[in-house]
Amino acid sequence: MTYFAAEFIFTMANTGEAVLVIGACGQLGSELTLELRNMYGGANVVAADISAPKQAALQESGPFEKIDVLDTQNLRELASKYKFTQIYHLAAVLSATGEKNPKFAWRLNMDGLFNVLDMALEQKVNKVYWPSSIAVFGPNTPRHNTPQLTVMDPNTVYGISKQAGERWCEYYFLKYGLDVRSLRYPGLIGYKALPGGGTTDYAVDIYHKALEQKAYECFLGENTYLPMMYMPDALKATIGLMHAPAEQIKVRDSYNLSAISFSPKEIAASIQKHIPDFKITYNPDYRQQIASSWPQTIDDSAARQDWGWQPNYDLDAMTEDMLANLKKIKAEAIVR
Ligand code: SER
C-alpha cells in the first residue's frame with residue numbers, strides 16, 4: 001500500500017538521494033526514519049514495514065510502503081519505483097523472540113538480508129546499512145572490553161544469524177564492491193518506541209514501570225552487566241558511519257560500538273535519584289542465560305579511530321532525559 005505516492009515520487013526525482021528504511025516501524029526504525037527525513041526531506045525517505053505505523057509522525061512526514069522483506073518481487077517493484085540510493089535494512093527477529101521460533105528467525109534474518117543485498121546490487125544502490133549486535137558474541141568470548149576481532153560462538157539463533165550476516169556483508173563488499181556498512185549495537189534505550197523481543201528490553205521497560213507503578217520486576221539478575229546505549233547516540237553512530245567517506249570504513253563486517261555498561265541494580269539506583277521510593281525485584285527467566293553469554297563491556301576503539309565515533313550519554317544523563325520525556329508523553333496521553 002502506498003500513501004502520498006505520486007507527489008513523493010515526483011519530489012524524489014528532483015533530489016540527489018532516495019532512501020529506503022526497511023523495518024521503519026521498529027524501535028530504531030521509527031526514530032531513524034524521522035532523523036533521515038530531517039536530513040534529506042520527508043519525501044526522499046521511504047518508510048517501509050510489514051505492519052502499518054502506529055506513530056502518526058511516520059505516516060505524516062513522508063511516504064510509507066507496506067512490504068515483506070521475504071517477498072523479492074515486492075522489493076524489486078519498490079526499488080524500480082523509487083530508484084533508491086541508500087537502504088537501511090533494519091527488519092529482524094531479536095534474541096528473545098527468536099528463541100521461540102528459531103527456524104522462522106533464521107529465515108527472516110538471513111533471507112531478508114540476502115534479498116536486500118541482491119536487490120541493492122541489481123539496482124546499483126550506492127550504500128546499504130545493516131545492523132549487527134553484541135549477540136554475535138558468545139560464552140567463550142572475552143567478556144570485558146571485548147575486542148573487535150575475537151572468539152565468536154553465539155548460541156542464540158539471533159546471534160548466529162547476525163554473525164553469518166556480518167560475514168555475508170563483508171563478502172558482498174569484497175566480491176561485488178557493494179558499500180555495506182554495519183554496527184554491532186548494544187541494547188538500545190529510547191522513549192519514543194518500545195523494543196520488540198530483545199534481552200536488553202528490560203532497560204526500557206524499567207523506566208515506564210518506574211513512572212507508572214514505582215516498581216519493576218526484572219527478568220535478569222541484579223548484577224547482570226550488559227552494554228547499552230541511549231537512542232540519540234545510536235542515531236548519531238548510524239548516521240556518522242553512513243556519512244563517513246568510504247575509504248575510512250576499514251571494518252566491513254561490523255564495528256564494535258560502545259557507550260554505557262550497567263546492571264539492573266545500577267539502573268534502578270539511577271532511577272531512585274529521581275524517584276526515591278522506586279523498588280526493583282528480580283525474577284530471572286530464560287533471558288538470563290542469553291544475557292550471561294554476552295559481553296559486559298565492549299572495546300570500540302576501531303570505530304573511534306576510523307570514523308570518529310564518540311558517545312554523549314552516560315547512565316545518569318540518559319535516566320534524566322528518559323524520565324523527563326516519558327513523563328511528558330504519559331501526561332499528554334492522559335489529557336487526550
Ligand atoms: N537488543 C538486542 C537483543 O536484546 C541485542 O542486539 O536482542
# chains A, B, ... in the order shown; residues from 1 in each chain; ligands from 1

call {"tool": "select_by_dssp", "arguments": {"residues": "segment 44-188 of chain A", "states": "strand (DSSP E or B)", "output": "number ranges by chain"}}
result
A: 45-49, 64-66, 86-89, 127-129, 132-133, 146, 179-181, 183-185, 187-188

call {"tool": "residues_around", "arguments": {"residues": "Tyr286 of chain A", "least_positions_apart": "2", "cutoff": "9 Å", "atoms": "only C-alpha atoms", "output": "PyMOL selection string"}}
result
chain A and resi 96+219-220+284+288-290

call {"tool": "write_last_selection", "arguments": {"atoms": "N, CA and C atoms", "output": "mmCIF file, in the first residue's frame"}}
result
data_model
loop_
_atom_site.group_PDB
_atom_site.id
_atom_site.type_symbol
_atom_site.label_atom_id
_atom_site.label_comp_id
_atom_site.auth_asym_id
_atom_site.auth_seq_id
_atom_site.Cartn_x
_atom_site.Cartn_y
_atom_site.Cartn_z
ATOM 1 N N ALA A 96 15.312 -12.658 22.110
ATOM 2 C CA ALA A 96 14.382 -13.419 22.955
ATOM 3 C C ALA A 96 13.264 -14.028 22.116
ATOM 4 N N PHE A 219 13.570 -9.323 34.687
ATOM 5 C CA PHE A 219 13.766 -10.714 34.242
ATOM 6 C C PHE A 219 15.245 -11.101 34.160
ATOM 7 N N LEU A 220 16.135 -10.171 34.573
ATOM 8 C CA LEU A 220 17.569 -10.500 34.696
ATOM 9 C C LEU A 220 17.992 -10.302 36.149
ATOM 10 N N PRO A 284 14.710 -13.776 37.451
ATOM 11 C CA PRO A 284 15.336 -14.114 36.163
ATOM 12 C C PRO A 284 14.609 -15.256 35.446
ATOM 13 N N GLN A 288 18.012 -14.713 31.086
ATOM 14 C CA GLN A 288 19.234 -14.599 31.886
ATOM 15 C C GLN A 288 20.397 -15.342 31.205
ATOM 16 N N GLN A 289 20.070 -16.522 30.690
ATOM 17 C CA GLN A 289 21.105 -17.333 30.039
ATOM 18 C C GLN A 289 21.668 -16.633 28.803
ATOM 19 N N ILE A 290 20.777 -15.973 28.079
ATOM 20 C CA ILE A 290 21.225 -15.222 26.894
ATOM 21 C C ILE A 290 22.142 -14.081 27.346
#

call {"tool": "atom_distance", "arguments": {"atom1": "atom 6 (O, counted along the ligand's line) of ligand 1", "atom2": "atom CA of Val128 of chain A"}}
result
18.8 Å

call {"tool": "closest_atom_pairs", "arguments": {"of": "chain A", "to": "ligand 1", "cutoff": "6 Å", "atoms": "only C-alpha atoms and all ligand atoms", "output": "CSV"}}
result
residue,atom,partner,partner_atom_place_in_ligand_line,distance
A:Leu94,CA,ligand 1,7 (O),4.4
A:Ser95,CA,ligand 1,7 (O),3.8
A:Ser133,CA,ligand 1,6 (O),4.3
A:Ile134,CA,ligand 1,6 (O),5.6
A:Ala135,CA,ligand 1,6 (O),5.7
A:Tyr185,CA,ligand 1,6 (O),5.8
A:Pro186,CA,ligand 1,6 (O),5.7
A:Gly187,CA,ligand 1,1 (N),4.1
A:Gly198,CA,ligand 1,4 (O),3.3
A:Thr199,CA,ligand 1,4 (O),3.5
A:Thr200,CA,ligand 1,4 (O),4.2

call {"tool": "write_last_selection", "arguments": {"atoms": "all heavy atoms", "output": "mmCIF file, in the first residue's frame"}}
result
data_model
loop_
_atom_site.group_PDB
_atom_site.id
_atom_site.type_symbol
_atom_site.label_atom_id
_atom_site.label_comp_id
_atom_site.auth_asym_id
_atom_site.auth_seq_id
_atom_site.Cartn_x
_atom_site.Cartn_y
_atom_site.Cartn_z
ATOM 1 N N LEU A 94 14.480 -10.423 16.995
ATOM 2 C CA LEU A 94 15.525 -10.224 18.015
ATOM 3 C C LEU A 94 15.775 -11.483 18.869
ATOM 4 O O LEU A 94 15.149 -12.524 18.667
ATOM 5 C CB LEU A 94 15.175 -9.035 18.903
ATOM 6 C CG LEU A 94 15.134 -7.663 18.222
ATOM 7 C CD1 LEU A 94 15.038 -6.562 19.258
ATOM 8 C CD2 LEU A 94 16.347 -7.409 17.341
ATOM 9 N N SER A 95 16.665 -11.325 19.849
ATOM 10 C CA SER A 95 17.202 -12.507 20.551
ATOM 11 C C SER A 95 16.166 -13.321 21.326
ATOM 12 O O SER A 95 16.138 -14.549 21.221
ATOM 13 C CB SER A 95 18.325 -12.081 21.496
ATOM 14 O OG SER A 95 17.832 -11.219 22.500
ATOM 15 N N SER A 133 24.943 -6.871 16.126
ATOM 16 C CA SER A 133 24.601 -6.784 17.549
ATOM 17 C C SER A 133 25.691 -7.411 18.410
ATOM 18 O O SER A 133 26.470 -8.253 17.942
ATOM 19 C CB SER A 133 23.290 -7.551 17.737
ATOM 20 O OG SER A 133 23.119 -7.956 19.075
ATOM 21 N N ILE A 134 25.682 -7.045 19.703
ATOM 22 C CA ILE A 134 26.543 -7.722 20.676
ATOM 23 C C ILE A 134 26.200 -9.211 20.766
ATOM 24 O O ILE A 134 26.971 -9.988 21.319
ATOM 25 C CB ILE A 134 26.407 -7.111 22.086
ATOM 26 C CG1 ILE A 134 24.927 -7.026 22.512
ATOM 27 C CG2 ILE A 134 27.092 -5.763 22.164
ATOM 28 C CD1 ILE A 134 24.705 -6.796 23.989
ATOM 29 N N ALA A 135 25.050 -9.599 20.202
ATOM 30 C CA ALA A 135 24.642 -11.010 20.229
ATOM 31 C C ALA A 135 25.527 -11.907 19.365
ATOM 32 O O ALA A 135 25.402 -13.131 19.417
ATOM 33 C CB ALA A 135 23.184 -11.133 19.768
ATOM 34 N N TYR A 185 25.284 -3.102 17.511
ATOM 35 C CA TYR A 185 24.611 -2.320 18.557
ATOM 36 C C TYR A 185 24.619 -3.051 19.885
ATOM 37 O O TYR A 185 24.378 -4.262 19.943
ATOM 38 C CB TYR A 185 23.139 -2.084 18.215
ATOM 39 C CG TYR A 185 22.869 -1.134 17.081
ATOM 40 C CD1 TYR A 185 22.114 -1.544 16.001
ATOM 41 C CD2 TYR A 185 23.331 0.174 17.108
ATOM 42 C CE1 TYR A 185 21.821 -0.677 14.958
ATOM 43 C CE2 TYR A 185 23.046 1.046 16.064
ATOM 44 C CZ TYR A 185 22.293 0.607 14.999
ATOM 45 O OH TYR A 185 22.012 1.465 13.967
ATOM 46 N N PRO A 186 24.797 -2.294 20.969
ATOM 47 C CA PRO A 186 24.465 -2.819 22.302
ATOM 48 C C PRO A 186 22.948 -2.706 22.480
ATOM 49 O O PRO A 186 22.240 -2.365 21.530
ATOM 50 C CB PRO A 186 25.206 -1.863 23.230
ATOM 51 C CG PRO A 186 25.499 -0.637 22.438
ATOM 52 C CD PRO A 186 25.314 -0.946 20.978
ATOM 53 N N GLY A 187 22.406 -2.940 23.666
ATOM 54 C CA GLY A 187 20.978 -2.748 23.916
ATOM 55 C C GLY A 187 20.617 -1.284 23.710
ATOM 56 O O GLY A 187 21.317 -0.402 24.214
ATOM 57 N N GLY A 198 13.743 -8.267 22.638
ATOM 58 C CA GLY A 198 15.165 -8.442 22.911
ATOM 59 C C GLY A 198 15.428 -8.778 24.374
ATOM 60 O O GLY A 198 14.544 -8.662 25.224
ATOM 61 N N THR A 199 16.672 -9.175 24.665
ATOM 62 C CA THR A 199 17.083 -9.491 26.030
ATOM 63 C C THR A 199 17.384 -8.218 26.823
ATOM 64 O O THR A 199 17.320 -8.205 28.047
ATOM 65 C CB THR A 199 18.334 -10.400 25.963
ATOM 66 O OG1 THR A 199 17.976 -11.549 25.195
ATOM 67 C CG2 THR A 199 18.825 -10.834 27.324
ATOM 68 N N THR A 200 17.696 -7.143 26.095
ATOM 69 C CA THR A 200 18.019 -5.879 26.758
ATOM 70 C C THR A 200 16.781 -4.998 26.981
ATOM 71 O O THR A 200 16.901 -3.892 27.502
ATOM 72 C CB THR A 200 19.056 -5.094 25.915
ATOM 73 O OG1 THR A 200 18.533 -4.916 24.595
ATOM 74 C CG2 THR A 200 20.372 -5.843 25.820
#

call {"tool": "closest_residue", "arguments": {"among": "A:Ile249, A:Asn283, A:Asn256, A:Lys273", "to": "Tyr202 of chain A", "atoms": "only C-alpha atoms"}}
result
A:Asn283

call {"tool": "residues_around", "arguments": {"residues": "segment 251-255 of chain A", "least_positions_apart": "2", "cutoff": "10 Å", "atoms": "only C-alpha atoms", "output": "compact mmCIF listing (two decimals) with N, CA, C and O atoms, in the first residue's frame"}}
result
# COMPACT_ATOMS: atom_id res chain seq x y z
N TRP A 130 23.21 -2.18 7.55
CA TRP A 130 22.59 -3.37 8.16
C TRP A 130 23.11 -3.49 9.59
O TRP A 130 24.33 -3.50 9.81
N PRO A 131 22.21 -3.56 10.57
CA PRO A 131 22.67 -3.61 11.96
C PRO A 131 23.06 -5.01 12.40
O PRO A 131 22.34 -5.98 12.15
N SER A 132 24.20 -5.10 13.07
CA SER A 132 24.56 -6.33 13.78
C SER A 132 24.38 -6.04 15.27
O SER A 132 23.72 -5.06 15.64
N SER A 133 24.94 -6.87 16.13
CA SER A 133 24.60 -6.78 17.55
C SER A 133 25.69 -7.41 18.41
O SER A 133 26.47 -8.25 17.94
N GLN A 148 37.43 -6.04 18.90
CA GLN A 148 36.76 -6.07 17.58
C GLN A 148 36.87 -7.46 16.96
O GLN A 148 35.90 -8.01 16.46
N LEU A 149 38.08 -8.02 17.01
CA LEU A 149 38.31 -9.34 16.44
C LEU A 149 38.58 -10.31 17.58
O LEU A 149 39.57 -10.17 18.29
N LYS A 162 23.16 -12.99 13.01
CA LYS A 162 23.91 -11.74 12.90
C LYS A 162 25.37 -12.02 12.55
O LYS A 162 25.98 -11.31 11.76
N GLN A 163 25.93 -13.07 13.14
CA GLN A 163 27.32 -13.38 12.82
C GLN A 163 27.45 -13.78 11.34
O GLN A 163 28.34 -13.30 10.63
N ALA A 164 26.55 -14.66 10.90
CA ALA A 164 26.59 -15.08 9.49
C ALA A 164 26.35 -13.87 8.59
O ALA A 164 27.03 -13.69 7.57
N GLY A 165 25.41 -13.02 8.99
CA GLY A 165 25.11 -11.81 8.21
C GLY A 165 26.33 -10.91 8.06
O GLY A 165 26.59 -10.37 6.99
N GLU A 166 27.10 -10.79 9.14
CA GLU A 166 28.32 -9.97 9.08
C GLU A 166 29.28 -10.50 8.02
O GLU A 166 29.87 -9.75 7.26
N ARG A 167 29.43 -11.84 8.03
CA ARG A 167 30.35 -12.44 7.04
C ARG A 167 29.87 -12.14 5.63
O ARG A 167 30.64 -11.86 4.73
N TRP A 168 28.54 -12.25 5.41
CA TRP A 168 27.99 -12.02 4.08
C TRP A 168 28.11 -10.56 3.66
O TRP A 168 28.34 -10.26 2.48
N CYS A 169 27.95 -9.65 4.60
CA CYS A 169 28.10 -8.22 4.26
C CYS A 169 29.53 -7.97 3.76
O CYS A 169 29.74 -7.33 2.73
N GLU A 170 30.49 -8.51 4.51
CA GLU A 170 31.88 -8.33 4.09
C GLU A 170 32.11 -8.99 2.73
O GLU A 170 32.80 -8.44 1.87
N TYR A 171 31.50 -10.15 2.52
CA TYR A 171 31.64 -10.87 1.26
C TYR A 171 31.13 -10.04 0.08
O TYR A 171 31.77 -9.92 -0.95
N TYR A 172 29.94 -9.45 0.24
CA TYR A 172 29.37 -8.63 -0.83
C TYR A 172 30.24 -7.40 -1.10
O TYR A 172 30.32 -6.93 -2.23
N PHE A 173 30.88 -6.90 -0.06
CA PHE A 173 31.78 -5.75 -0.26
C PHE A 173 33.02 -6.19 -1.04
O PHE A 173 33.40 -5.57 -2.04
N LEU A 174 33.65 -7.27 -0.57
CA LEU A 174 34.91 -7.71 -1.19
C LEU A 174 34.69 -8.26 -2.60
O LEU A 174 35.46 -8.01 -3.51
N ASP A 179 28.82 -1.24 -1.15
CA ASP A 179 29.21 -0.45 0.02
C ASP A 179 28.24 -0.73 1.18
O ASP A 179 27.32 0.04 1.41
N VAL A 180 28.47 -1.84 1.86
CA VAL A 180 27.62 -2.20 3.01
C VAL A 180 28.35 -1.78 4.29
O VAL A 180 29.54 -2.03 4.43
N ARG A 181 27.61 -1.17 5.21
CA ARG A 181 28.21 -0.72 6.48
C ARG A 181 27.36 -1.25 7.63
O ARG A 181 26.15 -1.38 7.50
N SER A 182 28.04 -1.51 8.76
CA SER A 182 27.31 -2.16 9.85
C SER A 182 27.90 -1.82 11.22
O SER A 182 29.09 -1.55 11.35
N LEU A 183 27.02 -1.82 12.22
CA LEU A 183 27.42 -1.61 13.62
C LEU A 183 26.90 -2.74 14.48
O LEU A 183 25.77 -3.19 14.28
N ARG A 184 27.69 -3.13 15.47
CA ARG A 184 27.21 -4.11 16.46
C ARG A 184 26.58 -3.33 17.60
O ARG A 184 27.27 -2.94 18.55
N TYR A 185 25.28 -3.10 17.51
CA TYR A 185 24.61 -2.32 18.56
C TYR A 185 24.62 -3.05 19.88
O TYR A 185 24.38 -4.26 19.94
N LEU A 241 28.42 6.77 10.72
CA LEU A 241 29.04 5.70 9.91
C LEU A 241 28.63 5.85 8.45
O LEU A 241 29.47 5.75 7.55
N GLN A 248 37.42 5.53 4.76
CA GLN A 248 37.65 5.46 6.21
C GLN A 248 37.04 4.21 6.86
O GLN A 248 37.33 3.89 8.00
N ILE A 249 36.17 3.55 6.12
CA ILE A 249 35.50 2.37 6.67
C ILE A 249 36.39 1.16 6.45
O ILE A 249 36.39 0.54 5.39
N LEU A 257 30.63 -1.23 18.96
CA LEU A 257 30.13 0.10 19.30
C LEU A 257 29.78 0.10 20.77
O LEU A 257 29.11 -0.83 21.24
N SER A 258 30.23 1.11 21.49
CA SER A 258 30.02 1.09 22.93
C SER A 258 29.67 2.47 23.47
O SER A 258 30.09 3.48 22.93
N ASP A 299 35.11 -3.03 23.50
CA ASP A 299 36.18 -2.15 23.01
C ASP A 299 35.80 -1.65 21.61
O ASP A 299 35.80 -2.44 20.65
N ASP A 300 35.47 -0.37 21.52
CA ASP A 300 35.05 0.16 20.21
C ASP A 300 36.10 1.12 19.64
O ASP A 300 35.77 2.05 18.90
N SER A 301 37.38 0.86 19.95
CA SER A 301 38.42 1.79 19.51
C SER A 301 38.53 1.86 17.98
O SER A 301 38.90 2.91 17.44
N ALA A 302 38.17 0.79 17.26
CA ALA A 302 38.25 0.85 15.79
C ALA A 302 37.27 1.89 15.26
O ALA A 302 37.62 2.71 14.40
N ALA A 303 36.05 1.90 15.80
CA ALA A 303 35.04 2.89 15.35
C ALA A 303 35.51 4.30 15.70
O ALA A 303 35.34 5.24 14.92
N ARG A 304 36.12 4.44 16.87
CA ARG A 304 36.59 5.78 17.29
C ARG A 304 37.70 6.27 16.37
O ARG A 304 37.73 7.43 15.97
N ASP A 306 38.55 5.03 13.19
CA ASP A 306 38.29 5.07 11.74
C ASP A 306 37.37 6.21 11.33
O ASP A 306 37.59 6.86 10.33

call {"tool": "atom_distance", "arguments": {"atom1": "atom CA of Pro102 of chain A", "atom2": "atom CA of Gly159 of chain A"}}
result
11.1 Å

call {"tool": "residues_around", "arguments": {"residues": "Asn115 of chain A", "least_positions_apart": "5", "cutoff": "8 Å", "atoms": "only C-alpha atoms", "output": "mmCIF file with C-alpha atoms, in the first residue's frame"}}
result
data_model
loop_
_atom_site.group_PDB
_atom_site.id
_atom_site.type_symbol
_atom_site.label_atom_id
_atom_site.label_comp_id
_atom_site.auth_asym_id
_atom_site.auth_seq_id
_atom_site.Cartn_x
_atom_site.Cartn_y
_atom_site.Cartn_z
ATOM 1 C CA VAL A 69 11.305 -8.369 3.047
ATOM 2 C CA LEU A 70 10.896 -12.065 2.212
ATOM 3 C CA THR A 72 11.590 -10.422 -3.596
ATOM 4 C CA LEU A 75 11.172 -5.460 -3.038
#

call {"tool": "atom_distance", "arguments": {"atom1": "atom CA of Lys175 of chain A", "atom2": "atom CA of Leu121 of chain A"}}
result
11.4 Å
